[in-house]
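Peer 1: Structure file input_7.txt, compact mmCIF, C-alpha atoms, is pasted below:
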```txt
# COMPACT_ATOMS: atom_id res chain seq x y z
CA MET A 155 -169.01 50.64 -103.86
CA THR A 156 -171.34 53.32 -102.63
CA ASP A 157 -174.91 54.05 -103.34
CA ALA A 158 -175.06 56.09 -106.49
CA PRO A 159 -178.14 54.96 -108.35
CA GLY A 160 -178.22 55.93 -111.96
CA LYS A 161 -174.48 56.20 -112.47
CA ASP A 162 -173.13 52.72 -112.35
CA PRO A 163 -175.44 49.72 -112.52
CA LEU A 164 -172.97 47.85 -110.33
CA GLU A 165 -173.37 50.43 -107.57
CA THR A 166 -177.13 50.38 -108.00
CA TRP A 167 -177.00 46.62 -107.90
CA ALA A 168 -174.87 46.63 -104.73
CA ALA A 169 -177.25 49.02 -103.00
CA GLU A 170 -180.19 46.86 -103.91
CA VAL A 171 -178.49 43.67 -102.70
CA ARG A 172 -177.61 45.33 -99.40
CA GLY A 173 -181.14 46.60 -98.96
CA GLU A 174 -182.52 43.17 -99.61
CA ALA A 175 -180.09 41.13 -97.55
CA LEU A 176 -179.54 43.39 -94.57
CA ALA A 177 -182.60 43.23 -92.39
CA PRO A 178 -182.60 44.53 -88.83
CA LEU A 179 -182.78 41.84 -86.21
CA ARG A 180 -185.57 41.76 -83.70
CA ASP A 181 -184.52 42.79 -80.23
CA GLU A 182 -185.64 39.45 -78.85
CA LYS A 183 -183.42 37.66 -81.35
CA VAL A 184 -180.44 39.83 -80.47
CA ALA A 185 -181.01 39.22 -76.75
CA ALA A 186 -181.39 35.48 -77.20
CA VAL A 187 -178.23 35.11 -79.28
CA ALA A 188 -176.30 37.34 -76.88
CA ARG A 189 -177.50 35.33 -73.88
CA ASN A 190 -176.50 32.05 -75.54
CA ALA A 191 -173.10 33.35 -76.60
CA ALA A 192 -172.36 34.71 -73.12
CA GLY A 193 -173.51 31.38 -71.71
CA VAL A 194 -171.02 29.56 -73.90
CA ILE A 195 -168.24 31.81 -72.59
CA LEU A 196 -169.25 31.30 -68.96
CA ARG A 197 -169.61 27.54 -69.36
CA THR A 198 -166.25 27.35 -71.10
CA THR A 199 -164.69 29.39 -68.32
CA SER A 200 -166.23 27.26 -65.55
CA VAL A 201 -165.25 24.06 -67.32
CA THR A 202 -161.76 25.38 -67.73
CA ALA A 203 -161.61 26.36 -64.05
CA ALA A 204 -162.94 22.95 -63.02
CA GLY A 205 -160.43 21.33 -65.29
CA ALA A 206 -157.65 23.39 -63.75
CA ALA A 207 -158.81 22.41 -60.25
CA GLY A 208 -158.86 18.79 -61.31
CA VAL A 209 -155.39 19.11 -62.67
CA VAL A 210 -154.21 20.65 -59.39
CA ALA A 211 -155.87 17.87 -57.37
CA THR A 212 -154.39 15.22 -59.60
CA HIS A 213 -151.03 16.88 -59.34
CA ALA A 214 -151.23 16.95 -55.53
CA ALA A 215 -152.22 13.29 -55.38
CA ALA A 216 -149.39 12.39 -57.67
CA LYS A 217 -146.95 14.29 -55.47
CA ILE A 218 -148.18 12.49 -52.35
CA ALA A 219 -147.89 9.12 -54.04
CA THR A 220 -144.43 9.97 -55.28
CA ALA A 221 -143.36 11.02 -51.79
CA ALA A 222 -144.69 7.78 -50.33
CA VAL A 223 -142.87 5.69 -52.88
CA LEU A 224 -139.72 7.71 -52.38
CA THR A 225 -139.90 7.26 -48.61
CA ALA A 226 -140.39 3.52 -48.96
CA VAL A 227 -137.49 3.28 -51.38
CA LEU A 228 -135.20 5.30 -49.13
CA ALA A 229 -136.14 3.29 -46.04
CA GLY A 230 -135.67 0.02 -47.89
CA GLY A 231 -132.42 1.29 -49.32
CA ALA A 232 -131.12 2.20 -45.90
CA ALA A 233 -132.09 -1.20 -44.52
CA ALA A 234 -130.48 -2.91 -47.49
CA ALA A 235 -127.32 -0.84 -47.12
CA THR A 236 -126.92 -1.93 -43.50
CA GLY A 237 -127.77 -5.51 -44.31
CA SER A 238 -130.68 -5.52 -41.94
CA LEU A 239 -133.26 -6.88 -44.37
CA PRO A 240 -134.33 -10.49 -44.02
CA ASP A 241 -131.78 -12.71 -45.63
CA PRO A 242 -133.73 -13.69 -48.76
CA VAL A 243 -134.72 -10.08 -49.37
CA GLN A 244 -131.26 -8.78 -48.64
CA SER A 245 -129.81 -11.32 -51.01
CA TRP A 246 -132.28 -10.39 -53.74
CA VAL A 247 -131.69 -6.69 -53.34
CA ALA A 248 -127.96 -7.20 -53.36
CA ASP A 249 -128.25 -9.22 -56.55
CA VAL A 250 -130.36 -6.55 -58.21
CA VAL A 251 -128.22 -3.58 -57.34
CA ASP A 252 -125.07 -5.49 -58.07
CA HIS A 253 -125.95 -5.18 -61.77
CA VAL A 254 -125.61 -1.45 -61.54
CA GLY A 255 -122.37 -1.53 -59.66
CA ILE A 256 -123.67 -1.15 -56.12
CA HIS A 257 -122.42 -3.66 -53.69
CA LEU A 258 -124.49 -4.34 -50.63
CA PRO A 259 -123.69 -6.74 -47.85
CA ARG A 260 -124.99 -10.20 -48.45
CA PRO A 261 -126.21 -12.58 -45.82
CA PRO A 262 -123.72 -15.28 -44.86
CA LEU A 263 -123.90 -18.34 -47.06
CA ASP A 264 -125.23 -21.36 -45.26
CA LEU A 265 -123.89 -24.11 -47.42
CA PRO A 266 -124.06 -27.75 -46.31
CA GLY A 267 -120.73 -29.35 -45.43
CA VAL A 268 -119.04 -31.40 -48.13
CA ASP A 269 -116.61 -34.12 -47.17
CA VAL A 270 -114.32 -35.28 -49.95
CA THR A 271 -112.27 -38.43 -49.29
CA VAL A 272 -109.74 -39.84 -51.73
CA PRO A 273 -108.72 -43.24 -50.44
CA GLY A 274 -105.08 -44.22 -50.35
CA VAL A 275 -103.65 -40.86 -50.99
CA ASP A 276 -102.02 -38.96 -48.22
CA VAL A 277 -100.75 -35.65 -49.16
CA THR A 278 -98.50 -34.05 -46.65
CA VAL A 279 -97.03 -30.72 -47.27
CA PRO A 280 -94.21 -30.22 -44.75
CA ARG A 281 -93.70 -26.85 -43.39
CA VAL A 282 -91.11 -25.07 -45.38
CA ASP A 283 -89.11 -22.38 -43.74
CA VAL A 284 -87.52 -20.02 -46.13
CA THR A 285 -84.83 -17.80 -44.64
CA VAL A 286 -83.32 -15.09 -46.65
CA PRO A 287 -79.97 -14.12 -44.93
CA LEU A 288 -79.05 -10.57 -44.84
CA VAL A 289 -76.66 -9.75 -47.53
CA ASP A 290 -74.04 -7.12 -46.77
CA VAL A 291 -72.79 -5.53 -49.84
CA THR A 292 -69.64 -3.44 -49.19
CA VAL A 293 -68.23 -1.29 -51.85
CA PRO A 294 -64.60 -0.47 -50.80
CA ASP A 295 -63.27 2.93 -51.69
CA ALA A 296 -61.61 2.52 -54.96
CA ASP A 297 -57.94 3.43 -54.98
CA VAL A 298 -57.07 4.31 -58.47
CA THR A 299 -53.46 5.17 -59.20
CA VAL A 300 -52.36 6.53 -62.49
CA PRO A 301 -48.54 6.08 -62.80
CA ASP A 302 -46.58 8.88 -64.38
CA ALA A 303 -46.36 8.26 -68.01
CA ASP A 304 -42.88 7.64 -69.28
CA VAL A 305 -42.80 8.87 -72.79
CA THR A 306 -39.80 8.06 -74.89
CA GLU A 307 -38.96 9.23 -78.29
CA THR A 308 -39.88 6.75 -80.85
CA SER A 309 -39.06 6.47 -84.38
CA THR A 310 -41.13 5.60 -87.19
CA PRO A 311 -39.60 2.87 -89.27
CA GLY A 312 -38.80 3.78 -92.82
CA VAL A 313 -38.81 7.49 -92.14
CA PRO A 314 -35.36 9.07 -92.01
CA PRO A 315 -34.70 11.23 -89.09
CA ILE A 316 -34.90 14.87 -89.77
CA THR A 317 -31.71 16.65 -89.11
CA VAL A 318 -31.77 20.36 -88.63
CA PRO A 319 -28.33 21.85 -89.42
CA ASP A 320 -26.94 24.55 -87.26
CA LEU A 321 -27.80 27.93 -88.58
CA PRO A 322 -25.21 30.67 -88.67
CA ASP A 323 -25.70 33.60 -86.38
CA VAL A 324 -27.06 36.55 -88.09
CA GLY A 325 -25.77 39.74 -86.64
CA GLY A 326 -28.23 42.23 -86.13
CA MET B 272 -187.02 47.19 -100.13
CA ARG B 273 -186.17 46.84 -96.48
CA SER B 274 -184.54 49.58 -94.53
CA ARG B 275 -180.81 49.46 -94.75
CA VAL B 276 -178.81 48.51 -91.68
CA ARG B 277 -175.40 50.07 -91.37
CA PRO B 278 -173.02 47.68 -89.62
CA ALA B 279 -171.02 50.59 -88.23
CA ASP B 280 -173.98 51.96 -86.27
CA ALA B 281 -172.90 50.08 -83.17
CA PRO B 282 -169.25 49.28 -83.76
CA THR B 283 -167.61 46.37 -82.10
CA THR B 284 -164.78 48.07 -80.27
CA ASP B 285 -161.80 46.59 -78.49
CA ASP B 286 -163.56 47.25 -75.20
CA VAL B 287 -166.66 45.38 -76.31
CA VAL B 288 -164.56 42.41 -77.39
CA ALA B 289 -162.75 42.45 -74.05
CA ARG B 290 -166.04 42.42 -72.15
CA ALA B 291 -167.40 39.70 -74.43
CA ARG B 292 -164.41 37.55 -73.50
CA ALA B 293 -165.54 37.77 -69.90
CA GLY B 294 -169.04 36.60 -70.80
CA ASP B 295 -170.67 40.02 -70.59
CA GLU B 296 -174.14 39.58 -72.11
CA THR B 297 -174.49 43.28 -72.87
CA ALA B 298 -171.27 43.23 -74.83
CA TRP B 299 -172.51 40.26 -76.79
CA ALA B 300 -175.77 42.10 -77.50
CA THR B 301 -173.72 44.95 -78.96
CA ILE B 302 -171.77 42.53 -81.12
CA VAL B 303 -174.86 40.70 -82.32
CA ALA B 304 -176.68 43.96 -83.10
CA ASP B 305 -173.60 45.19 -84.96
CA LEU B 306 -172.60 42.14 -86.96
CA GLY B 307 -175.72 39.99 -86.86
CA PRO B 308 -177.65 41.65 -89.69
CA ALA B 309 -174.63 41.50 -92.01
CA ILE B 310 -173.97 37.86 -91.18
CA ALA B 311 -177.58 36.90 -91.65
CA GLY B 312 -177.67 38.97 -94.83
CA TYR B 313 -174.58 37.22 -96.15
CA ALA B 314 -176.18 33.86 -95.38
CA ARG B 315 -179.42 35.00 -96.98
CA ALA B 316 -177.68 36.16 -100.15
CA ARG B 317 -175.76 32.87 -100.23
CA GLY B 318 -179.09 31.08 -100.39
CA ALA B 319 -179.35 29.86 -96.81
CA PRO B 320 -182.99 29.08 -96.07
CA ASP B 321 -182.43 29.81 -92.37
CA PRO B 322 -180.12 32.83 -92.29
CA GLU B 323 -180.84 33.76 -88.67
CA ASP B 324 -180.06 30.22 -87.54
CA VAL B 325 -176.77 30.47 -89.38
CA MET B 326 -176.14 33.80 -87.69
CA GLN B 327 -176.80 32.32 -84.25
CA ASP B 328 -174.50 29.36 -84.93
CA VAL B 329 -171.78 31.75 -86.05
CA PHE B 330 -171.94 33.67 -82.78
CA LEU B 331 -171.98 30.51 -80.69
CA ALA B 332 -168.94 29.25 -82.57
CA ALA B 333 -167.27 32.64 -82.10
CA ALA B 334 -167.98 32.51 -78.36
CA SER B 335 -166.51 29.04 -78.02
CA ARG B 336 -163.34 30.07 -79.88
CA LEU B 337 -162.99 33.60 -78.56
CA SER B 338 -160.18 32.64 -76.18
CA ARG B 339 -158.07 31.90 -79.24
CA PHE B 340 -158.83 35.18 -81.01
CA GLU B 341 -156.13 37.84 -81.00
CA GLY B 342 -156.75 41.30 -82.40
CA ASP B 343 -158.76 44.47 -82.14
CA GLY B 344 -162.39 45.21 -82.88
CA ARG B 345 -161.82 45.48 -86.63
CA ALA B 346 -159.97 42.19 -86.74
CA PHE B 347 -162.80 40.69 -84.71
CA ARG B 348 -165.22 41.62 -87.48
CA SER B 349 -163.29 39.81 -90.21
CA TRP B 350 -162.67 36.91 -87.80
CA VAL B 351 -166.41 36.49 -87.23
CA PHE B 352 -167.03 36.64 -90.98
CA SER B 353 -164.42 33.95 -91.51
CA ILE B 354 -166.48 31.76 -89.18
CA ALA B 355 -169.61 32.68 -91.11
CA TYR B 356 -167.92 31.85 -94.40
CA ARG B 357 -166.86 28.46 -93.09
CA GLN B 358 -170.29 27.72 -91.65
CA ILE B 359 -172.00 28.51 -94.91
CA VAL B 360 -169.50 26.53 -96.94
CA ASP B 361 -169.88 23.54 -94.62
CA ARG B 362 -173.66 23.79 -94.45
CA TYR B 363 -174.70 24.46 -97.97
CA ARG B 364 -171.95 24.04 -100.50
CA SER B 365 -171.75 20.28 -100.01
CA ARG B 366 -175.46 19.91 -100.62
CA ARG B 367 -176.07 22.82 -102.93
CA ASP B 368 -178.24 20.70 -105.16
CA ASN B 369 -180.80 20.64 -102.37
CA VAL B 370 -180.57 24.33 -101.59
CA GLU B 371 -182.81 26.90 -103.15
CA LEU B 372 -180.27 29.28 -104.58
CA PRO B 373 -181.28 32.60 -106.13
CA VAL B 374 -183.07 32.03 -109.41
CA SER B 375 -181.05 32.75 -112.51
CA LEU B 376 -182.02 35.60 -114.76
CA ALA B 377 -182.13 33.10 -117.58
CA ASP B 378 -184.78 31.27 -115.65
CA PRO B 379 -188.24 32.72 -116.24
CA GLY B 380 -188.82 32.26 -112.52
CA PRO B 381 -191.88 31.33 -110.60
CA SER B 382 -195.22 32.62 -111.65
CA PRO B 383 -197.02 35.04 -109.29
CA GLU B 384 -199.16 32.15 -108.21
CA GLN B 385 -196.15 29.99 -107.46
CA THR B 386 -194.52 32.85 -105.58
CA ALA B 387 -197.61 33.37 -103.52
CA ILE B 388 -197.59 29.67 -102.65
CA THR B 389 -193.90 29.22 -101.88
CA GLY B 390 -193.18 32.65 -100.51
CA ILE B 391 -189.93 32.75 -102.46
CA VAL B 392 -189.19 36.19 -103.76
CA VAL B 393 -185.88 36.60 -105.48
CA SER B 394 -185.02 39.98 -106.83
CA GLU B 395 -183.33 40.59 -110.10
CA ALA B 396 -180.32 41.89 -108.19
CA MET B 397 -179.96 38.70 -106.16
CA ALA B 398 -180.54 36.55 -109.20
CA ALA B 399 -177.60 38.20 -110.95
CA LEU B 400 -175.32 36.46 -108.46
CA ASP B 401 -176.00 33.22 -110.27
CA VAL B 402 -173.42 34.06 -112.93
CA LEU B 403 -170.68 33.90 -110.32
CA THR B 404 -168.82 30.91 -109.01
CA ASP B 405 -169.05 30.13 -105.32
CA VAL B 406 -165.81 31.87 -104.41
CA GLU B 407 -166.61 34.88 -106.59
CA ARG B 408 -169.98 35.18 -104.91
CA ASP B 409 -168.41 34.94 -101.46
CA VAL B 410 -165.87 37.63 -102.25
CA VAL B 411 -168.47 40.01 -103.67
CA LEU B 412 -170.96 39.44 -100.85
CA LEU B 413 -168.38 39.82 -98.11
CA ARG B 414 -167.43 43.15 -99.69
CA VAL B 415 -170.95 44.36 -100.43
CA ILE B 416 -172.87 43.01 -97.45
CA GLY B 417 -170.16 42.32 -94.90
CA GLY B 418 -168.50 45.66 -95.52
CA LEU B 419 -165.05 44.07 -95.38
CA GLU B 420 -161.99 45.48 -97.07
CA THR B 421 -160.25 43.29 -99.63
CA ASP B 422 -157.56 42.17 -97.18
CA GLU B 423 -160.21 41.31 -94.61
CA VAL B 424 -162.08 39.29 -97.22
CA ALA B 425 -158.83 37.50 -97.98
CA ARG B 426 -158.43 36.56 -94.32
CA ALA B 427 -162.05 35.48 -94.10
CA VAL B 428 -161.88 33.13 -97.09
CA GLY B 429 -158.31 32.02 -96.45
CA LYS B 430 -156.77 33.43 -99.62
CA ARG B 431 -154.08 35.97 -100.43
CA GLY B 432 -155.05 39.58 -100.89
CA GLY B 433 -153.81 39.67 -104.49
CA ASN B 434 -155.75 36.54 -105.30
CA VAL B 435 -158.93 38.04 -103.85
CA ARG B 436 -158.42 41.22 -105.89
CA VAL B 437 -158.20 39.15 -109.06
CA ILE B 438 -161.31 37.21 -108.10
CA GLN B 439 -163.16 40.41 -107.29
CA THR B 440 -162.21 42.08 -110.57
CA ARG B 441 -163.31 39.05 -112.54
CA ALA B 442 -166.55 38.77 -110.57
CA LEU B 443 -167.46 42.42 -111.06
CA ALA B 444 -166.78 42.13 -114.78
CA LYS B 445 -169.07 39.13 -114.98
CA LEU B 446 -171.74 40.90 -112.97
CA ARG B 447 -171.48 44.01 -115.10
CA GLY B 448 -171.84 41.93 -118.22
CA GLU B 449 -174.83 40.11 -116.81
CA LEU B 450 -176.53 43.32 -115.72
CA GLN B 451 -175.83 44.85 -119.11
CA ARG B 452 -177.21 41.82 -120.90
CA SER B 453 -180.35 41.85 -118.81
CA GLY B 454 -180.85 45.58 -119.22
CA TYR B 455 -180.43 46.23 -115.52
CA GLY B 456 -179.96 49.99 -115.13
CA ALA B 457 -180.58 52.34 -117.99
CA GLU B 458 -177.30 54.28 -117.85
CA GLY B 459 -173.97 53.23 -119.31
CA LEU B 460 -171.55 51.13 -117.31
CA GLY B 461 -168.69 52.90 -115.62
CA GLU B 462 -165.38 51.41 -114.71
CA GLU B 463 -165.02 50.23 -111.17
CA GLU B 464 -161.60 49.45 -109.95
CA ALA B 465 -161.20 46.58 -107.58
CA ARG B 466 -159.82 48.07 -104.41
```
Using structure tokens, write down the structure that the file contains.

Peer 2:
Amino acid sequence: MTDAPGKDPLETWAAEVRGEALAPLRDEKVAAVARNAAGVILRTTSVTAAGAAGVVATHAAAKIATAAVLTAVLAGGAAAATGSLPDPVQSWVADVVDHVGIHLPRPPLDLPGVDVTVPGVDVTVPRVDVTVPLVDVTVPDADVTVPDADVTETSTPGVPPITVPDLPDVGG
Amino acid sequence: MRSRVRPADAPTTDDVVARARAGDETAWATIVADLGPAIAGYARARGAPDPEDVMQDVFLAAASRLSRFEGDGRAFRSWVFSIAYRQIVDRYRSRRDNVELPVSLADPGPSPEQTAITGIVVSEAMAALDVLTDVERDVVLLRVIGGLETDEVARAVGKRGGNVRVIQTRALAKLRGELQRSGYGAEGLGEEEAR
């Protein structure tokens, strides 16, 4: 769509609309809008930088807090591992970590003595000595003798003996 | 008729955009001088009663979102017009009944006395826009006043290029018919292909 008045009413129309709508801006207006827009950029940048600094500060504080907690946990863990915590604490810690399969020393139980007496019943278990004598197991050398077999001709009942007649000599 | 302002007189180059990102006021002055008249003109043709206020809001919005913009100087132009399109849609389309849109050609219009009182002067050319729907008007004005190519218009209004071409063809046909009906221009109508 270019200006070509007189050829195509649409082009004439477009040129007229452009001429009517497009008005040059006053220099003061341009300067004011430019100043405001640049100000938005600079404010956004400074806010972003401040936000980044805040994030860094927060991050550093979080790291310090984490280190402190970690130190406390490690120190407490070491004390618990050696059983040097106060008895109630040591017992509690041992109970807690026992659930996750870690066994820590527990303080000695201080239970009150219980005396149980059953009147009229004396149970005596005599000492029983059990002696298991040494057992000598001797395996003598085996002397195995196989006598010479004495094989005799046998006959089978009911079967006539086979007789082989003498054969004449064949000269040759 | 006012003197015509060519948007390309002070082009918004990649370098200008880069300096604008850093908050360079001179770079912003170049951008505003380059694109400001077209944006205000688009708002004016869309019936905004305060086109320069719209223009200022568009540049402030562009400045606040510039860190998210990616592209060269040409892309920057269509990006700024997409902000302008959205601003105008948000500002005026929802309350268009209260906005003084260009007077229809079918409307006899204000009398000279009324015009003198209200200061509203609507040309026959502007009034012809009344035959278009909102989206048709946006597409035509972004092409005619914004100087955007069809694909850039598509990006600005959030539609596909093919869709915008169809809208543009239909809009120009309607405009041509309206101008013909009203006797605008004495010569015959030529064919204009939607680019």

Peer 1: Can you work out which one of B:Asp305, B:Val287, B:Gln327, B:Arg436 has the shortest atom-to-atom distance to Lys183 of chain A, counting all atoms listed in the file?

Peer 2: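 Selected residue with least distance to Lys183 of chain A: B:Gln327.
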
Peer 1: For the atom pair atom CA of Trp167 of chain A and atom CA of Ala396 of chain B, what is the interatomic distance in Å to one decimal place?

Peer 2: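 These two atoms are separated by 5.8 Å.
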
Peer 1: With only C-alpha atoms considered, list every residue of chain A at most 9 Å from chain B, as a ChimeraX atom specification.

Peer 2: /A:155,159-164,166-179,181,183-196,198-199

Peer 1: Can you tell me how far atom CA of Glu182 of chain A sits from atom CA of Ala319 of chain B, in Å to one decimal?

Peer 2: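 Atom-to-atom, atom CA of Glu182 of chain A and atom CA of Ala319 of chain B are spaced 21.3 Å apart.
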